file final_24.tsv (TSV, C-alpha atoms)
chain	number	residue	atom	x	y	z
A	1	MET	CA	0.00	0.00	0.00
A	2	LEU	CA	1.24	3.42	-0.91
A	3	ARG	CA	1.42	6.07	1.77
A	4	LEU	CA	2.86	9.51	2.34
A	5	PHE	CA	6.44	9.85	3.60
A	6	LYS	CA	8.04	13.09	4.79
A	7	ALA	CA	11.67	12.95	3.75
A	8	ASP	CA	14.53	15.22	4.77
A	9	LEU	CA	17.21	13.78	2.51
A	10	HIS	CA	20.06	16.03	3.57
A	11	ILE	CA	21.30	16.44	7.11
A	12	HIS	CA	24.78	16.50	8.62
A	13	THR	CA	26.04	14.85	11.81
A	14	CYS	CA	28.81	15.76	14.27
A	15	LEU	CA	31.21	14.17	11.78
A	16	SER	CA	31.00	17.22	9.52
A	17	PRO	CA	33.48	19.81	10.78
A	18	CYS	CA	30.93	22.60	10.43
A	19	THR	CA	28.55	21.07	13.03
A	20	GLU	CA	28.54	20.69	16.80
A	21	LEU	CA	28.36	17.63	19.06
A	22	ASN	CA	24.60	18.07	19.45
A	23	MET	CA	24.24	16.54	15.99
A	24	SER	CA	24.62	13.12	17.65
A	25	PRO	CA	22.30	10.18	16.86
A	26	LYS	CA	20.06	11.06	19.79
A	27	GLY	CA	20.05	14.79	19.04
A	28	ILE	CA	19.24	14.15	15.38
A	29	LEU	CA	16.55	11.51	15.93
A	30	THR	CA	14.78	13.43	18.68
A	31	ALA	CA	14.55	16.47	16.42
A	32	ALA	CA	13.44	14.40	13.41
A	33	LYS	CA	10.74	12.68	15.45
A	34	LYS	CA	9.48	16.02	16.73
A	35	ARG	CA	9.13	17.26	13.15
A	36	GLY	CA	7.38	14.09	12.00
A	37	ILE	CA	10.10	13.11	9.55
A	38	ASP	CA	9.78	9.56	8.15
A	39	ILE	CA	12.93	9.38	6.03
A	40	LEU	CA	16.27	10.92	6.93
A	41	GLY	CA	19.30	11.10	4.61
A	42	ILE	CA	22.65	11.17	6.41
A	43	CYS	CA	25.00	13.21	4.25
A	44	ASP	CA	28.21	14.26	5.92
A	45	HIS	CA	30.87	15.91	3.80
A	46	ASN	CA	32.79	13.20	1.95
A	47	SER	CA	32.12	10.58	4.61
A	48	SER	CA	29.49	8.12	5.79
A	49	GLU	CA	31.19	7.04	9.00
A	50	ASN	CA	28.33	8.07	11.28
A	51	SER	CA	25.56	6.50	9.18
A	52	LEU	CA	25.65	3.12	10.92
A	53	ALA	CA	25.33	4.70	14.39
A	54	ILE	CA	22.19	6.53	13.30
A	55	ILE	CA	20.73	3.46	11.59
A	56	LYS	CA	21.23	1.48	14.82
A	57	ALA	CA	19.92	4.25	17.06
A	58	ALA	CA	16.83	4.65	14.87
A	59	LYS	CA	15.68	1.05	15.24
A	60	LYS	CA	12.31	1.00	17.00
A	61	MET	CA	11.84	4.68	16.15
A	62	HIS	CA	10.03	4.24	12.83
A	63	ILE	CA	12.32	6.58	11.00
A	64	HIS	CA	13.92	5.25	7.84
A	65	ILE	CA	17.60	6.15	7.72
A	66	LEU	CA	19.31	6.37	4.35
A	67	PRO	CA	23.10	6.18	4.67
A	68	GLY	CA	24.89	8.59	2.39
A	69	LEU	CA	27.55	11.19	1.74
A	70	GLU	CA	27.69	14.71	0.39
A	71	VAL	CA	30.50	14.36	-2.11
A	72	THR	CA	32.55	17.41	-3.09
A	73	THR	CA	33.63	16.91	-6.69
A	74	GLU	CA	36.76	18.27	-8.33
A	75	GLU	CA	34.71	21.23	-9.60
A	76	GLU	CA	33.67	21.89	-5.95
A	77	VAL	CA	30.12	20.90	-6.67
A	78	HIS	CA	28.28	19.23	-3.79
A	79	VAL	CA	26.33	16.09	-4.70
A	80	LEU	CA	24.23	13.95	-2.38
A	81	ALA	CA	24.69	10.19	-2.62
A	82	LEU	CA	22.07	8.11	-0.81
A	83	PHE	CA	21.84	4.35	-0.52
A	84	ASP	CA	19.65	1.55	0.77
A	85	ASP	CA	22.63	-0.59	1.68
A	86	ILE	CA	25.28	0.86	4.00
A	87	ASP	CA	27.92	-1.35	2.37
A	88	ASN	CA	27.39	0.58	-0.84
A	89	ALA	CA	27.71	3.89	0.99
A	90	LEU	CA	30.98	2.64	2.46
A	91	LYS	CA	32.19	1.50	-0.97
A	92	LEU	CA	31.66	4.99	-2.33
A	93	GLN	CA	33.32	6.40	0.79
A	94	GLU	CA	36.37	4.25	0.03
A	95	HIS	CA	36.63	5.80	-3.46
A	96	VAL	CA	36.17	9.24	-1.98
A	97	TYR	CA	38.88	8.70	0.65
A	98	GLN	CA	41.31	7.50	-2.02
A	99	ASN	CA	40.74	10.77	-3.88
A	100	LEU	CA	40.53	13.27	-1.04
A	101	PRO	CA	43.78	15.09	-0.35
A	102	GLY	CA	44.65	16.86	2.90
A	103	LYS	CA	44.35	16.57	6.66
A	104	ASN	CA	41.76	18.33	8.79
A	105	ASP	CA	42.83	21.30	10.88
A	106	GLU	CA	40.46	21.16	13.87
A	107	GLU	CA	41.15	24.71	14.96
A	108	THR	CA	40.31	26.12	11.55
A	109	PHE	CA	37.50	23.87	10.34
A	110	GLY	CA	36.19	22.10	13.46
A	111	MET	CA	36.13	18.61	14.94
A	112	GLN	CA	35.09	15.53	12.93
A	113	VAL	CA	33.60	13.27	15.55
A	114	ILE	CA	32.82	9.60	14.92
A	115	VAL	CA	30.18	8.25	17.31
A	116	ASN	CA	28.27	5.07	17.98
A	117	ASP	CA	24.55	4.58	18.56
A	118	LYS	CA	25.01	4.94	22.33
A	119	GLU	CA	26.25	8.55	22.10
A	120	GLU	CA	29.84	7.48	22.73
A	121	VAL	CA	32.73	9.08	20.88
A	122	LEU	CA	34.67	6.44	18.97
A	123	GLY	CA	37.27	8.74	17.51
A	124	PHE	CA	38.04	11.59	15.18
A	125	ASN	CA	38.34	11.51	11.42
A	126	ASP	CA	41.56	13.29	10.43
A	127	ARG	CA	40.90	13.67	6.71
A	128	LEU	CA	40.11	17.07	5.18
A	129	LEU	CA	36.42	16.26	4.84
A	130	ILE	CA	35.56	19.88	4.05
A	131	GLY	CA	37.95	19.72	1.07
A	132	ALA	CA	37.30	18.69	-2.52
A	133	THR	CA	37.92	15.26	-3.99
A	134	THR	CA	39.74	14.82	-7.28
A	135	ILE	CA	36.67	13.01	-8.67
A	136	ARG	CA	34.96	14.78	-11.57
A	137	LEU	CA	31.23	15.41	-11.34
A	138	ASP	CA	30.30	12.99	-14.13
A	139	GLU	CA	32.54	10.32	-12.62
A	140	ALA	CA	31.00	10.87	-9.15
A	141	LEU	CA	27.52	10.39	-10.60
A	142	ARG	CA	28.65	7.27	-12.43
A	143	LEU	CA	30.08	5.85	-9.19
A	144	ILE	CA	26.97	6.66	-7.16
A	145	HIS	CA	24.80	4.83	-9.67
A	146	ALA	CA	27.24	1.94	-9.98
A	147	PHE	CA	26.66	1.40	-6.25
A	148	GLU	CA	22.87	1.63	-6.75
A	149	GLY	CA	22.64	5.03	-5.11
A	150	LEU	CA	20.54	8.11	-5.63
A	151	ALA	CA	22.38	11.21	-6.90
A	152	ILE	CA	21.00	14.67	-6.14
A	153	ALA	CA	22.72	17.98	-6.84
A	154	SER	CA	22.85	19.85	-3.50
A	155	HIS	CA	21.32	23.27	-2.80
A	156	ILE	CA	21.24	24.47	-6.40
A	157	ASN	CA	19.81	27.83	-5.27
A	158	ARG	CA	23.00	28.66	-3.40
A	159	GLU	CA	25.98	30.19	-5.12
A	160	ALA	CA	28.63	28.40	-3.09
A	161	PHE	CA	29.38	24.75	-3.91
A	162	SER	CA	26.32	24.26	-6.10
A	163	ILE	CA	26.29	22.86	-9.62
A	164	ILE	CA	24.99	26.13	-11.05
A	165	GLY	CA	27.29	28.32	-8.93
A	166	GLN	CA	30.38	26.37	-9.93
A	167	LEU	CA	29.56	25.35	-13.51
A	168	GLY	CA	27.22	28.16	-14.58
A	169	PHE	CA	24.57	25.77	-15.88
A	170	ILE	CA	23.72	22.08	-15.74
A	171	PRO	CA	25.66	20.26	-18.44
A	172	ASP	CA	23.75	17.92	-20.76
A	173	ASP	CA	23.72	14.18	-20.22
A	174	LEU	CA	24.45	14.22	-16.50
A	175	GLU	CA	23.10	11.22	-14.63
A	176	LEU	CA	21.36	13.30	-11.96
A	177	ASP	CA	18.22	11.96	-10.29
A	178	ALA	CA	17.06	15.29	-8.85
A	179	LEU	CA	18.04	18.83	-7.92
A	180	GLU	CA	17.83	19.95	-4.30
A	181	ILE	CA	16.83	23.35	-3.00
A	182	SER	CA	17.56	24.60	0.50
A	183	PRO	CA	14.98	26.23	2.83
A	184	SER	CA	15.89	29.78	1.73
A	185	ILE	CA	13.80	29.46	-1.44
A	186	THR	CA	10.29	28.12	-2.03
A	187	ILE	CA	9.46	25.39	-4.51
A	188	GLU	CA	7.45	27.87	-6.60
A	189	GLU	CA	10.40	30.26	-6.79
A	190	ALA	CA	12.72	27.36	-7.61
A	191	LYS	CA	10.54	26.09	-10.46
A	192	GLN	CA	10.60	29.53	-12.02
A	193	LYS	CA	14.26	30.18	-11.47
A	194	PHE	CA	15.50	26.72	-12.43
A	195	PRO	CA	13.22	25.47	-15.22
A	196	PHE	CA	15.22	22.32	-15.79
A	197	ASN	CA	13.99	18.93	-16.72
A	198	TYR	CA	14.74	17.39	-13.32
A	199	PRO	CA	12.56	16.77	-10.28
A	200	ILE	CA	13.22	19.14	-7.39
A	201	THR	CA	13.61	17.96	-3.79
A	202	CYS	CA	13.53	20.17	-0.70
A	203	SER	CA	15.81	19.41	2.25
A	204	SER	CA	17.04	21.17	5.33
A	205	ASP	CA	20.82	20.67	4.92
A	206	ALA	CA	20.63	20.82	8.72
A	207	HIS	CA	23.79	21.52	10.70
A	208	TYR	CA	21.82	22.09	13.95
A	209	PRO	CA	19.06	19.88	15.45
A	210	ASP	CA	16.50	22.68	15.25
A	211	ASP	CA	16.95	22.87	11.48
A	212	ILE	CA	16.12	19.21	10.84
A	213	GLY	CA	12.88	18.94	8.87
A	214	LYS	CA	12.71	22.71	8.39
A	215	SER	CA	12.26	21.82	4.76
A	216	TYR	CA	11.33	18.38	3.46
A	217	THR	CA	9.98	16.51	0.45
A	218	SER	CA	6.75	14.52	0.50
A	219	PHE	CA	6.72	11.26	-1.39
A	220	LEU	CA	3.99	8.72	-2.05
A	221	LEU	CA	5.84	5.41	-1.53
A	222	GLN	CA	5.39	1.86	-0.42
A	223	ASP	CA	8.45	1.95	1.82
A	224	GLY	CA	11.06	4.48	2.94
A	225	THR	CA	13.85	3.36	0.63
A	226	VAL	CA	16.09	4.75	-2.09
A	227	THR	CA	14.60	2.23	-4.53
A	228	GLU	CA	11.13	3.61	-3.86
A	229	ILE	CA	12.27	7.25	-4.01
A	230	LYS	CA	13.92	6.56	-7.38
A	231	LYS	CA	10.56	5.30	-8.65
A	232	ALA	CA	8.77	8.35	-7.27
A	233	LEU	CA	11.21	10.70	-9.00
A	234	LYS	CA	10.39	8.94	-12.28
A	235	ASN	CA	6.65	8.74	-11.53
A	236	GLU	CA	6.67	4.97	-11.76
A	237	ASP	CA	4.15	2.44	-10.37
A	238	GLY	CA	2.06	5.10	-8.67
A	239	ARG	CA	5.02	6.41	-6.66
A	240	LYS	CA	5.09	10.18	-6.65
A	241	LEU	CA	6.90	13.26	-5.56
A	242	ILE	CA	4.34	15.62	-4.04
A	243	HIS	CA	4.87	19.36	-3.76
B	1	MET	CA	55.27	45.48	0.43
B	2	LYS	CA	52.73	45.82	3.23
B	3	ILE	CA	49.00	45.35	2.75
B	4	LYS	CA	48.21	48.93	3.70
B	5	GLU	CA	50.40	50.25	0.86
B	6	ILE	CA	48.70	47.90	-1.56
B	7	ILE	CA	45.28	49.08	-0.38
B	8	GLU	CA	46.30	52.64	-1.17
B	9	LYS	CA	47.87	51.92	-4.53
B	10	LEU	CA	45.11	49.64	-5.80
B	11	GLN	CA	42.33	51.71	-4.21
B	12	LEU	CA	40.90	48.82	-2.24
B	13	LYS	CA	38.34	49.05	0.53
B	14	ALA	CA	39.21	47.17	3.73
B	15	LEU	CA	36.04	45.48	4.99
B	16	ALA	CA	37.50	43.34	7.76
B	17	GLY	CA	40.73	42.45	9.52
B	18	GLN	CA	41.85	46.09	9.69
B	19	ALA	CA	44.06	45.27	12.69
B	20	ASN	CA	46.30	43.18	10.48
B	21	LEU	CA	47.29	45.52	7.64
B	22	ASP	CA	50.97	45.77	8.55
B	23	VAL	CA	51.70	42.32	7.21
B	24	ASP	CA	54.20	41.88	4.37
B	25	VAL	CA	52.73	40.42	1.20
B	26	SER	CA	54.84	37.66	-0.38
B	27	GLY	CA	52.92	37.48	-3.66
B	28	GLY	CA	49.49	36.93	-5.10
B	29	TYR	CA	47.31	33.97	-5.99
B	30	THR	CA	44.24	34.27	-8.19
B	31	SER	CA	41.69	31.45	-8.07
B	32	ASP	CA	38.04	30.78	-7.31
B	33	LEU	CA	38.47	27.11	-6.50
B	34	LEU	CA	39.12	26.69	-2.79
B	35	SER	CA	40.83	23.32	-3.18
B	36	ASP	CA	43.24	24.89	-5.65
B	37	VAL	CA	44.04	27.68	-3.19
B	38	ILE	CA	44.64	25.11	-0.44
B	39	ALA	CA	46.95	23.16	-2.75
B	40	ASN	CA	48.89	25.96	-4.42
B	41	SER	CA	48.84	29.31	-2.61
B	42	LYS	CA	51.84	30.29	-0.49
B	43	GLU	CA	52.11	31.80	2.96
B	44	GLY	CA	51.80	35.58	2.87
B	45	ASN	CA	50.01	35.62	-0.51
B	46	LEU	CA	47.14	37.96	-1.20
B	47	TRP	CA	44.33	35.82	-2.57
B	48	ILE	CA	42.30	37.34	-5.40
B	49	THR	CA	38.85	35.82	-5.81
B	50	LEU	CA	35.18	36.48	-6.39
B	51	GLN	CA	34.12	34.01	-3.69
B	52	ILE	CA	32.37	35.72	-0.78
B	53	HIS	CA	31.30	32.86	1.50
B	54	GLN	CA	32.84	32.21	4.88
B	55	ASN	CA	34.88	29.14	3.91
B	56	THR	CA	37.30	31.56	2.26
B	57	ILE	CA	38.32	32.83	5.69
B	58	ALA	CA	39.09	29.32	6.93
B	59	VAL	CA	41.21	28.69	3.86
B	60	ALA	CA	43.08	32.00	4.27
B	61	ARG	CA	43.75	31.13	7.89
B	62	LEU	CA	44.81	27.55	7.09
B	63	LYS	CA	47.33	28.74	4.51
B	64	ASP	CA	48.48	31.83	6.49
B	65	LEU	CA	47.57	34.10	3.61
B	66	ALA	CA	48.10	37.84	4.03
B	67	GLY	CA	44.50	38.56	3.09
B	68	ILE	CA	41.79	38.29	0.47
B	69	ILE	CA	40.91	40.68	-2.34
B	70	ILE	CA	37.31	40.31	-3.47
B	71	VAL	CA	36.81	41.50	-7.04
B	72	ASN	CA	33.93	42.86	-9.12
B	73	ASN	CA	32.69	44.94	-6.17
B	74	ARG	CA	31.05	41.90	-4.61
B	75	GLU	CA	29.85	42.25	-1.04
B	76	PRO	CA	30.76	39.42	1.34
B	77	ASP	CA	28.09	37.98	3.67
B	78	ASP	CA	27.95	39.28	7.24
B	79	ASP	CA	29.04	35.85	8.46
B	80	THR	CA	32.15	36.09	6.33
B	81	LEU	CA	33.10	39.51	7.69
B	82	LYS	CA	32.42	38.47	11.26
B	83	LYS	CA	34.62	35.44	10.86
B	84	ALA	CA	37.32	37.50	9.14
B	85	ASN	CA	37.42	39.95	12.04
B	86	LYS	CA	37.56	37.12	14.55
B	87	GLU	CA	40.38	35.40	12.68
B	88	ASN	CA	42.14	38.67	11.85
B	89	VAL	CA	42.07	38.05	8.10
B	90	PRO	CA	42.05	41.26	6.03
B	91	VAL	CA	39.22	41.27	3.50
B	92	LEU	CA	39.67	43.88	0.81
B	93	CYS	CA	37.17	44.82	-1.82
B	94	SER	CA	37.87	46.02	-5.35
B	95	GLN	CA	35.62	47.32	-8.10
B	96	GLU	CA	37.90	45.83	-10.71
B	97	MET	CA	37.95	42.39	-12.29
B	98	ALA	CA	40.34	39.63	-11.24
B	99	PHE	CA	42.33	40.09	-14.46
B	100	GLU	CA	42.97	43.77	-13.82
B	101	ILE	CA	43.68	43.55	-10.13
B	102	SER	CA	46.01	40.57	-10.64
B	103	GLY	CA	47.94	42.47	-13.28
B	104	LYS	CA	48.27	45.56	-11.12
B	105	LEU	CA	49.31	43.58	-8.06
B	106	TYR	CA	51.86	41.70	-10.13
B	107	GLU	CA	53.39	44.96	-11.34
B	108	LEU	CA	53.43	46.39	-7.82
B	109	LEU	CA	55.15	43.39	-6.26
B	110	LYS	CA	57.61	43.01	-9.14
B	111	ALA	CA	58.87	46.54	-8.70
call {"tool": "encode", "arguments": {"input": "final_24.tsv", "output": "structure tokens"}}
result
Amino acid sequence: MLRLFKADLHIHTCLSPCTELNMSPKGILTAAKKRGIDILGICDHNSSENSLAIIKAAKKMHIHILPGLEVTTEEEVHVLALFDDIDNALKLQEHVYQNLPGKNDEETFGMQVIVNDKEEVLGFNDRLLIGATTIRLDEALRLIHAFEGLAIASHINREAFSIIGQLGFIPDDLELDALEISPSITIEEAKQKFPFNYPITCSSDAHYPDDIGKSYTSFLLQDGTVTEIKKALKNEDGRKLIH
Amino acid sequence: MKIKEIIEKLQLKALAGQANLDVDVSGGYTSDLLSDVIANSKEGNLWITLQIHQNTIAVARLKDLAGIIIVNNREPDDDTLKKANKENVPVLCSQEMAFEISGKLYELLKA
């Protein structure tokens, strides 16, 4: 049976250097529950190391967690990669790590905290997660799809680190599944400003618990999975994106 | 040459980091790709860019750059200026394009 799912497909955790410790599994899930979010996409910069902790912590909470990453391509375009299977998220992470130069400077960029589902700190990631990979945009999209993931261009309404800000326009023949807008613009404004032939998703890009679910996308799905969302974005089998 | 002399000669407007204008400038680096600046700029360089978001300040700080020149009369966000003042990174604004300001800075530093 198809039903409505509220999805916030883009949030960060305390692993992203630009967040605080309150973006822990508990902090995130409490906020998501309060906002009535059914599907949550975990997209830290160039890493998926906190996805498992949130998947585990969300058991019994009736929130579907999609493990993912926000990949920074060579062109400094941010792209969301979301998966059903955490092993696939970790496979993409492995590619990203192999192509991500630099070490984090905690004082300059912030801490990159790896946690478990019990709110315990397991360690610190010392890679330059805020940096750019040497993976080209088209190659990143190819990789995401090779691992059965969903590829969404992040916050296209923003100038910084967006596909339009960095490349000027959306090149032809890109394997993008959707374009994301951030809460600073409405869907009506976005449709006018970006009349492209791609579905548009709305997400919070939350860096603070209070921002989770501030903006979300409604889908008509059978289950809270990437497979189902892919169908909805293509209007298949009754699955739908609802604005 | 010190930043304050460059400000005068290139008619720049200092928007932040005014406490740090006595620094010697070692050279310039012109780029809008942050990863490129992280990889290739040198300590003491003035960074010429049109980027106005706050990550630029973190990059300037990481690489110990002398400061940032923002071209095309673009106005940085408040967050960027706040962060620049906190980190003591001079942010200078120019009405000219990156091509012109790079050329003029090159001539100045060569002399």
call {"tool": "residues_around", "arguments": {"input": "final_24.tsv", "residues": "region 74-91 of chain B", "least_positions_apart": "5", "cutoff": "9 Å", "atoms": "all atoms listed in the file", "output": "JSON list (two decimals) with C-alpha atoms, in the coordinates of the input"}}
result
[["chain", "number", "residue", "atom", "x", "y", "z"],
["B", 3, "ILE", "CA", 49.00, 45.35, 2.75],
["B", 13, "LYS", "CA", 38.34, 49.05, 0.53],
["B", 14, "ALA", "CA", 39.21, 47.17, 3.73],
["B", 15, "LEU", "CA", 36.04, 45.48, 4.99],
["B", 16, "ALA", "CA", 37.50, 43.34, 7.76],
["B", 17, "GLY", "CA", 40.73, 42.45, 9.52],
["B", 18, "GLN", "CA", 41.85, 46.09, 9.69],
["B", 19, "ALA", "CA", 44.06, 45.27, 12.69],
["B", 20, "ASN", "CA", 46.30, 43.18, 10.48],
["B", 21, "LEU", "CA", 47.29, 45.52, 7.64],
["B", 50, "LEU", "CA", 35.18, 36.48, -6.39],
["B", 51, "GLN", "CA", 34.12, 34.01, -3.69],
["B", 52, "ILE", "CA", 32.37, 35.72, -0.78],
["B", 53, "HIS", "CA", 31.30, 32.86, 1.50],
["B", 54, "GLN", "CA", 32.84, 32.21, 4.88],
["B", 55, "ASN", "CA", 34.88, 29.14, 3.91],
["B", 56, "THR", "CA", 37.30, 31.56, 2.26],
["B", 57, "ILE", "CA", 38.32, 32.83, 5.69],
["B", 58, "ALA", "CA", 39.09, 29.32, 6.93],
["B", 60, "ALA", "CA", 43.08, 32.00, 4.27],
["B", 61, "ARG", "CA", 43.75, 31.13, 7.89],
["B", 65, "LEU", "CA", 47.57, 34.10, 3.61],
["B", 66, "ALA", "CA", 48.10, 37.84, 4.03],
["B", 67, "GLY", "CA", 44.50, 38.56, 3.09],
["B", 68, "ILE", "CA", 41.79, 38.29, 0.47],
["B", 69, "ILE", "CA", 40.91, 40.68, -2.34]]
call {"tool": "interface_residues", "arguments": {"input": "final_24.tsv", "of": "chain A", "to": "chain B", "cutoff": "8 Å", "atoms": "all atoms listed in the file", "output": "PyMOL selection string"}}
result
chain A and resi 75-76+105+108-109+131-132+160
call {"tool": "closest_residue", "arguments": {"input": "final_24.tsv", "among": "B:Leu105, B:Ile7, B:Val23, B:Ala111", "to": "Gly44 (chain B)", "atoms": "all atoms listed in the file"}}
result
B:Val23
call {"tool": "residues_around", "arguments": {"input": "final_24.tsv", "residues": "Leu174 (chain A)", "least_positions_apart": "5", "cutoff": "12 Å", "atoms": "all atoms listed in the file", "output": "PyMOL selection string"}}
result
chain A and resi 136-142+145+151-153+163+169+179+197-198
call {"tool": "atom_distance", "arguments": {"input": "final_24.tsv", "atom1": "CA of Ile144 (chain A)", "atom2": "CA of Ala81 (chain A)"}}
result
6.2 Å
call {"tool": "atom_distance", "arguments": {"input": "final_24.tsv", "atom1": "CA of Leu46 (chain B)", "atom2": "CA of Glu107 (chain B)"}}
result
13.8 Å
call {"tool": "closest_residue", "arguments": {"input": "final_24.tsv", "among": "A:Met111, A:Val226, A:Leu90, A:Leu9", "to": "Ile200 (chain A)", "atoms": "only C-alpha atoms"}}
result
A:Leu9
